[in-house]
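Enquirer: Got a structure here, written out as structure tokens. Questions coming.
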2 protein chains.
Amino acid sequence: MERVRDEPLTIGRFARMCRLSVKQLRHYDELGLLPPDRVDPSTGYRYYAPARVRDALTVALLRDLDVPLQVIAELLAAGDEERTRLLRAERDRIAARIARDTERLAVLDRLAEGPAPAYEVEVVDDPALRLAVVRGRCDPDEVGARTRECITALLGALGRSAVGWVPPLHGLYPLDLEDGMTIAAGARTDEDVPGTVATTLPAGPAATTLHTGPYEQLPLAYHALQAWIHEQGLTARGPAREDYLVSPGEAEPHELLTRLTIPIDPTRQDTP
Amino acid sequence: MERVRDEPLTIGRFARMCRLSVKQLRHYDELGLLPPDRVDPSTGYRYYAPARVRDALTVALLRDLDVPLQVIAELLAAGDEERTRLLRAERDRIAARIARDTERLAVLDRLAEGPAPAYEVEVVDDPALRLAVVRGRCDPDEVGARTRECITALLGALGRSAVGWVPPLHGLYPLDLEDGMTIAAGARTDEDVPGTVATTLPAGPAATTLHTGPYEQLPLAYHALQAWIHEQGLTARGPAREDYLVSPGEAEPHELLTRLTIPIDPTRQDTP
DNA sequence: GCTGGACCCTGCCACGGTGGGAGGGTCCAG
DNA sequence: CTGGACCCTCCCACCGTGGCAGGGTCCAGC
């Protein structure tokens, strides 16, 4: 009469069925995420009904997908619409991490393949630049993706307005990487381009270097340039400017050429 | 005489120069990773020489690459050879994470696009199978990559030995995912294939279902199958077997067809 | 000289999720 | 009734960072 399938399971048995550890199950109980069906009041033993295995397996699956426990709790309680929204958010989070890790991989590949590249730095008198720019806000982790969006928007604006602009394109980046920072993509032109903002970068001294290779490896150029600036006792002023001299479409990633320029404060020369 | 470039920097100034927070610098000091050049014995104030900026920027760069502080410390102390070895290890770690996240993304994409796919499960009497298998050990996170390696090795062995084997190929996976677990790729054949191990899977009852789509989404099939098994009050016996009915090269990823089979213990039928 | 504000110090707690271990109770088959 | 497998709670550790409390220090402007 009593059917095996309905007998309550001890935590150890239940854990083996759903690919979770006993520790995890106790933790999820504490969070209210996966409470046992019955807790013996005198011994504290947890007992699970076989029907809970599906829920537990779902939790295990979502954890494998690196979904936070908090979100899993919301997912289990949510309706269809909300569920889809939450899953999409997780999807985007993982996609962003892949994008970020791909950038990291490019730099690590370069570093692992031998000595760090040598960057030749020089100080120049940078002329003023009048740019038509498209701005974007982003967190430091999303700079790569956001830059591409701004470039696309800029090219769209330039194409639609069909004005004469002077290659190459430029990117502007604040020196302080912080959440909600503002970046910009710009093109040199004296005309007003609809969909862009006219911005003039002041003339002045600047430290500059040349980067060869994919954009993902630009952090190495920043590293070299900033180190050089501070070693000279100079002060970086920002924003940093990237000039995309040879850009994708013109050449393979390893042949891309980018000038990196960081304005500096005019310095009092040391008395020798 | 006193040159600006050599004046010691307070921690705040130094932090701004090298894109690290004051908290981080104090932490790195505590770890011995980036000690200040001078600490005022009476006030405890930390002072950094401008020459340390390069090191600090290097630490910041490596942290951006998600290199653990422990490894950064080893990198700074290591010789060229050791440095390359450590960087390669980090490279591999990030590459593995990208691979893993890509698998996750495939599942999340499927889940986010609508209701979870319906899997039709049935119990069959599974015949015994004699396989020539190639085994591999791996951690749960590397199953995807390791499986591909085993399949490649198996195909190599089959090709070299040119024996008649019966498609499709099979994959064998333990039900308990744990570090150092053993997986296997196998092909049905009655002959002995050099480079492989002959293994016979016993006949018996099994629960089975059919999965359509990329291999990355197989976890959904496992989820459905395991949930079904436990809901029936049955006991999974393992190892799980995947039959690659329609495999890459024959079709697009979304058209791949895979049979998933989990042997079960013969059960006492409930008295109604 | 004094004051205010920017800066610095130490020390503790928090996050997220899991594992390890101590110290002790419970269950069940032989 | 005994031994071993199982269960309980509670605390600590990991990793790297941020926040806050409570207090000291530095320096420019008056």
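Ordering of the structure tokens sets the chain letters (A, B, ...); residue numbers start at 1 within each chain; ligands are numbered from 1 in the order shown.
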Per residue of chain B within 6 Å of chain A, what are the shortest atom pair and its distance in Å to one decimal, counting only C-alpha atoms, with rows by chain and residue number, as a tab-separated table?
Expert:
```
residue	atom	partner	partner_atom	distance
B:Arg3	CA	A:Asp270	CA	6.0
B:Arg5	CA	A:Gly233	CA	4.0
B:Ala51	CA	A:Glu231	CA	6.0
B:Arg54	CA	A:Ala227	CA	4.9
B:Leu65	CA	A:Arg104	CA	5.2
B:Thr84	CA	A:Ala112	CA	5.2
B:Leu87	CA	A:Ala112	CA	5.2
B:Arg88	CA	A:Ala112	CA	5.5
B:Arg91	CA	A:Leu108	CA	5.6
B:Ile98	CA	A:Ile98	CA	5.5
B:Arg104	CA	A:Leu65	CA	5.2
B:Leu108	CA	A:Arg91	CA	5.6
B:Ala112	CA	A:Leu87	CA	5.2
B:Ala227	CA	A:Arg54	CA	4.9
B:Glu231	CA	A:Ala51	CA	6.0
B:Gly233	CA	A:Arg5	CA	4.0
```
Enquirer: Given the selection you just returned, output its residues as a file containing N, CA and C atoms, formatted as a PDB file, in the first residue's frame.
Expert:
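Printed below is part.pdb as written:
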```
ATOM      1  N   ARG B   3      64.016  67.488  -7.086  1.00  0.00           N
ATOM      2  CA  ARG B   3      63.220  67.375  -8.290  1.00  0.00           C
ATOM      3  C   ARG B   3      61.835  66.816  -7.983  1.00  0.00           C
ATOM      4  N   ARG B   5      59.914  65.028  -9.578  1.00  0.00           N
ATOM      5  CA  ARG B   5      59.674  63.646  -9.957  1.00  0.00           C
ATOM      6  C   ARG B   5      60.105  62.650  -8.891  1.00  0.00           C
ATOM      7  N   ALA B  51      58.808  56.090  -8.835  1.00  0.00           N
ATOM      8  CA  ALA B  51      59.338  54.946  -9.580  1.00  0.00           C
ATOM      9  C   ALA B  51      58.492  53.690  -9.366  1.00  0.00           C
ATOM     10  N   ARG B  54      55.167  52.300 -12.029  1.00  0.00           N
ATOM     11  CA  ARG B  54      55.150  51.273 -13.075  1.00  0.00           C
ATOM     12  C   ARG B  54      54.715  49.925 -12.503  1.00  0.00           C
ATOM     13  N   LEU B  65      43.037  41.851 -15.810  1.00  0.00           N
ATOM     14  CA  LEU B  65      43.024  40.577 -16.535  1.00  0.00           C
ATOM     15  C   LEU B  65      42.534  39.450 -15.644  1.00  0.00           C
ATOM     16  N   THR B  84      56.548  33.358 -18.063  1.00  0.00           N
ATOM     17  CA  THR B  84      55.813  32.846 -19.223  1.00  0.00           C
ATOM     18  C   THR B  84      54.920  31.678 -18.837  1.00  0.00           C
ATOM     19  N   LEU B  87      51.894  33.034 -16.925  1.00  0.00           N
ATOM     20  CA  LEU B  87      50.967  33.743 -17.802  1.00  0.00           C
ATOM     21  C   LEU B  87      50.184  32.766 -18.669  1.00  0.00           C
ATOM     22  N   ARG B  88      50.880  31.733 -19.126  1.00  0.00           N
ATOM     23  CA  ARG B  88      50.183  30.731 -19.938  1.00  0.00           C
ATOM     24  C   ARG B  88      49.099  30.043 -19.124  1.00  0.00           C
ATOM     25  N   ARG B  91      46.250  32.329 -18.947  1.00  0.00           N
ATOM     26  CA  ARG B  91      45.635  32.323 -20.268  1.00  0.00           C
ATOM     27  C   ARG B  91      44.687  31.137 -20.397  1.00  0.00           C
ATOM     28  N   ILE B  98      35.903  30.972 -20.756  1.00  0.00           N
ATOM     29  CA  ILE B  98      35.148  31.369 -21.949  1.00  0.00           C
ATOM     30  C   ILE B  98      34.410  30.165 -22.520  1.00  0.00           C
ATOM     31  N   ARG B 104      27.212  27.674 -21.171  1.00  0.00           N
ATOM     32  CA  ARG B 104      26.128  28.222 -20.350  1.00  0.00           C
ATOM     33  C   ARG B 104      25.206  29.099 -21.190  1.00  0.00           C
ATOM     34  N   LEU B 108      21.149  29.072 -21.547  1.00  0.00           N
ATOM     35  CA  LEU B 108      20.354  30.240 -21.154  1.00  0.00           C
ATOM     36  C   LEU B 108      19.582  30.793 -22.340  1.00  0.00           C
ATOM     37  N   ALA B 112      15.682  31.216 -22.227  1.00  0.00           N
ATOM     38  CA  ALA B 112      15.147  32.574 -22.276  1.00  0.00           C
ATOM     39  C   ALA B 112      14.211  32.761 -23.463  1.00  0.00           C
ATOM     40  N   ALA B 227      14.719  14.110 -13.677  1.00  0.00           N
ATOM     41  CA  ALA B 227      13.523  14.475 -12.926  1.00  0.00           C
ATOM     42  C   ALA B 227      12.448  13.407 -13.128  1.00  0.00           C
ATOM     43  N   GLU B 231      10.768  11.013 -10.291  1.00  0.00           N
ATOM     44  CA  GLU B 231       9.333  11.178 -10.070  1.00  0.00           C
ATOM     45  C   GLU B 231       8.601   9.849 -10.180  1.00  0.00           C
ATOM     46  N   GLY B 233       9.788   7.212  -9.044  1.00  0.00           N
ATOM     47  CA  GLY B 233      10.261   6.390  -7.934  1.00  0.00           C
ATOM     48  C   GLY B 233      11.326   5.407  -8.374  1.00  0.00           C
TER      49      GLY B 233
END
```
Enquirer: Could you tell me which residues of chain C sit within 8 Å of chain B when counting only C-alpha atoms (C1' of nucleotides), and give me the result as a ChimeraX atom specification?
Expert: /C:7-9
Enquirer: Using DSSP on the backbone, list every residue of segment 123-210 of chain A that comes out as strand (DSSP E), and give them as a ChimeraX atom specification.
Expert: /A:123-126,129-138,166-173,181-188,197-201,204-210
Enquirer: Produce a file of the selected residues containing N, CA and C atoms, as a CSV table (one decimal), in the first residue's frame.
Expert:
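Contents of the output file out28.csv:
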```csv
chain,number,residue,atom,x,y,z
A,123,VAL,N,57.0,63.1,-26.5
A,123,VAL,CA,56.2,64.3,-26.2
A,123,VAL,C,56.0,65.1,-27.4
A,124,VAL,N,54.8,65.5,-27.7
A,124,VAL,CA,54.5,66.3,-28.9
A,124,VAL,C,53.7,67.5,-28.5
A,125,ASP,N,53.7,68.5,-29.3
A,125,ASP,CA,52.7,69.6,-29.1
A,125,ASP,C,51.5,69.3,-29.9
A,126,ASP,N,50.5,68.9,-29.2
A,126,ASP,CA,49.3,68.4,-29.9
A,126,ASP,C,48.5,69.6,-30.3
A,129,LEU,N,41.9,70.0,-31.9
A,129,LEU,CA,41.1,69.2,-32.8
A,129,LEU,C,39.6,69.5,-32.6
A,130,ARG,N,39.0,69.8,-33.8
A,130,ARG,CA,37.5,70.0,-33.7
A,130,ARG,C,36.9,68.7,-34.2
A,131,LEU,N,36.1,68.1,-33.3
A,131,LEU,CA,35.5,66.8,-33.6
A,131,LEU,C,34.0,66.8,-33.6
A,132,ALA,N,33.4,66.0,-34.4
A,132,ALA,CA,32.0,65.7,-34.2
A,132,ALA,C,31.9,64.4,-33.5
A,133,VAL,N,31.4,64.4,-32.3
A,133,VAL,CA,31.5,63.2,-31.5
A,133,VAL,C,30.1,62.6,-31.1
A,134,VAL,N,30.1,61.3,-30.9
A,134,VAL,CA,28.9,60.6,-30.3
A,134,VAL,C,29.4,60.1,-29.0
A,135,ARG,N,28.6,60.4,-27.9
A,135,ARG,CA,29.0,60.0,-26.6
A,135,ARG,C,28.3,58.8,-26.1
A,136,GLY,N,28.8,58.1,-25.1
A,136,GLY,CA,28.2,56.9,-24.5
A,136,GLY,C,28.6,56.8,-23.1
A,137,ARG,N,27.7,56.3,-22.3
A,137,ARG,CA,28.1,56.0,-20.9
A,137,ARG,C,28.2,54.5,-20.7
A,138,CYS,N,29.2,54.1,-19.9
A,138,CYS,CA,29.3,52.7,-19.6
A,138,CYS,C,30.2,52.4,-18.4
A,166,VAL,N,37.5,64.2,-42.0
A,166,VAL,CA,38.9,63.8,-42.2
A,166,VAL,C,39.2,62.5,-41.4
A,167,PRO,N,39.5,61.4,-42.1
A,167,PRO,CA,40.0,60.3,-41.4
A,167,PRO,C,41.3,60.6,-40.7
A,168,PRO,N,41.6,59.9,-39.6
A,168,PRO,CA,41.0,58.7,-39.1
A,168,PRO,C,39.9,59.1,-38.1
A,169,LEU,N,39.2,58.1,-37.6
A,169,LEU,CA,38.3,58.3,-36.5
A,169,LEU,C,39.1,58.4,-35.2
A,170,HIS,N,38.4,58.9,-34.1
A,170,HIS,CA,39.1,59.0,-32.8
A,170,HIS,C,38.2,58.4,-31.7
A,171,GLY,N,38.9,58.0,-30.7
A,171,GLY,CA,38.1,57.6,-29.5
A,171,GLY,C,38.6,58.4,-28.3
A,172,LEU,N,37.7,58.8,-27.4
A,172,LEU,CA,38.1,59.6,-26.2
A,172,LEU,C,37.7,58.8,-25.0
A,173,TYR,N,38.6,58.7,-24.1
A,173,TYR,CA,38.4,57.9,-22.8
A,173,TYR,C,38.9,58.6,-21.6
A,181,MET,N,31.1,56.0,-16.5
A,181,MET,CA,32.1,56.9,-17.2
A,181,MET,C,31.6,57.2,-18.6
A,182,THR,N,32.0,58.3,-19.1
A,182,THR,CA,31.6,58.8,-20.4
A,182,THR,C,32.7,58.6,-21.4
A,183,ILE,N,32.4,57.9,-22.5
A,183,ILE,CA,33.4,57.7,-23.6
A,183,ILE,C,32.8,58.4,-24.8
A,184,ALA,N,33.6,58.6,-25.8
A,184,ALA,CA,33.1,59.2,-27.1
A,184,ALA,C,33.9,58.7,-28.3
A,185,ALA,N,33.2,58.7,-29.4
A,185,ALA,CA,33.8,58.4,-30.7
A,185,ALA,C,33.7,59.7,-31.5
A,186,GLY,N,34.7,60.1,-32.2
A,186,GLY,CA,34.6,61.3,-32.9
A,186,GLY,C,35.3,61.3,-34.3
A,187,ALA,N,34.9,62.3,-35.1
A,187,ALA,CA,35.6,62.4,-36.4
A,187,ALA,C,35.9,63.9,-36.6
A,188,ARG,N,37.1,64.1,-37.3
A,188,ARG,CA,37.5,65.5,-37.4
A,188,ARG,C,36.7,66.1,-38.6
A,197,VAL,N,27.8,65.7,-31.6
A,197,VAL,CA,28.0,66.9,-30.8
A,197,VAL,C,29.4,67.5,-31.2
A,198,ALA,N,29.5,68.8,-31.5
A,198,ALA,CA,30.7,69.4,-31.8
A,198,ALA,C,31.6,69.6,-30.6
A,199,THR,N,32.8,69.1,-30.6
A,199,THR,CA,33.6,69.2,-29.4
A,199,THR,C,35.0,69.6,-29.9
A,200,THR,N,35.6,70.6,-29.2
A,200,THR,CA,37.0,71.0,-29.5
A,200,THR,C,38.0,70.6,-28.4
A,201,LEU,N,38.9,69.8,-28.8
A,201,LEU,CA,40.0,69.4,-27.9
A,201,LEU,C,41.0,70.5,-27.9
A,204,GLY,N,48.0,71.5,-26.9
A,204,GLY,CA,48.8,71.5,-25.7
A,204,GLY,C,49.8,70.3,-25.8
A,205,PRO,N,50.7,70.2,-24.8
A,205,PRO,CA,51.7,69.1,-24.8
A,205,PRO,C,51.0,67.8,-24.5
A,206,ALA,N,51.5,66.7,-25.1
A,206,ALA,CA,50.9,65.4,-24.9
A,206,ALA,C,52.0,64.4,-25.1
A,207,ALA,N,51.8,63.3,-24.4
A,207,ALA,CA,52.6,62.1,-24.6
A,207,ALA,C,51.9,61.1,-25.5
A,208,THR,N,52.6,60.5,-26.4
A,208,THR,CA,52.0,59.7,-27.4
A,208,THR,C,52.8,58.5,-27.8
A,209,THR,N,52.1,57.5,-28.2
A,209,THR,CA,52.8,56.3,-28.7
A,209,THR,C,52.0,55.6,-29.7
A,210,LEU,N,52.6,54.6,-30.4
A,210,LEU,CA,51.9,53.9,-31.5
A,210,LEU,C,51.7,52.5,-31.1
```
Enquirer: For chain B, which of D:DC26, D:DC12, D:DC1, D:DA21 is the closest residue, counting only C-alpha atoms (C1' of nucleotides)?
Expert: D:DC26
Enquirer: Using only C-alpha atoms (C1' of nucleotides), can you tell me which of D:DT25, D:DT17, D:DT2, D:DT9 comes closest to chain A?
Expert: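 For chain A, the nearest of the given residues is D:DT9.
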Enquirer: Residues at most 12 Å from DG24 of chain C, counting only C-alpha atoms (C1' of nucleotides), excluding those fewer than 4 positions away in the same chain, as a ChimeraX atom specification?
Expert: /D:7-10
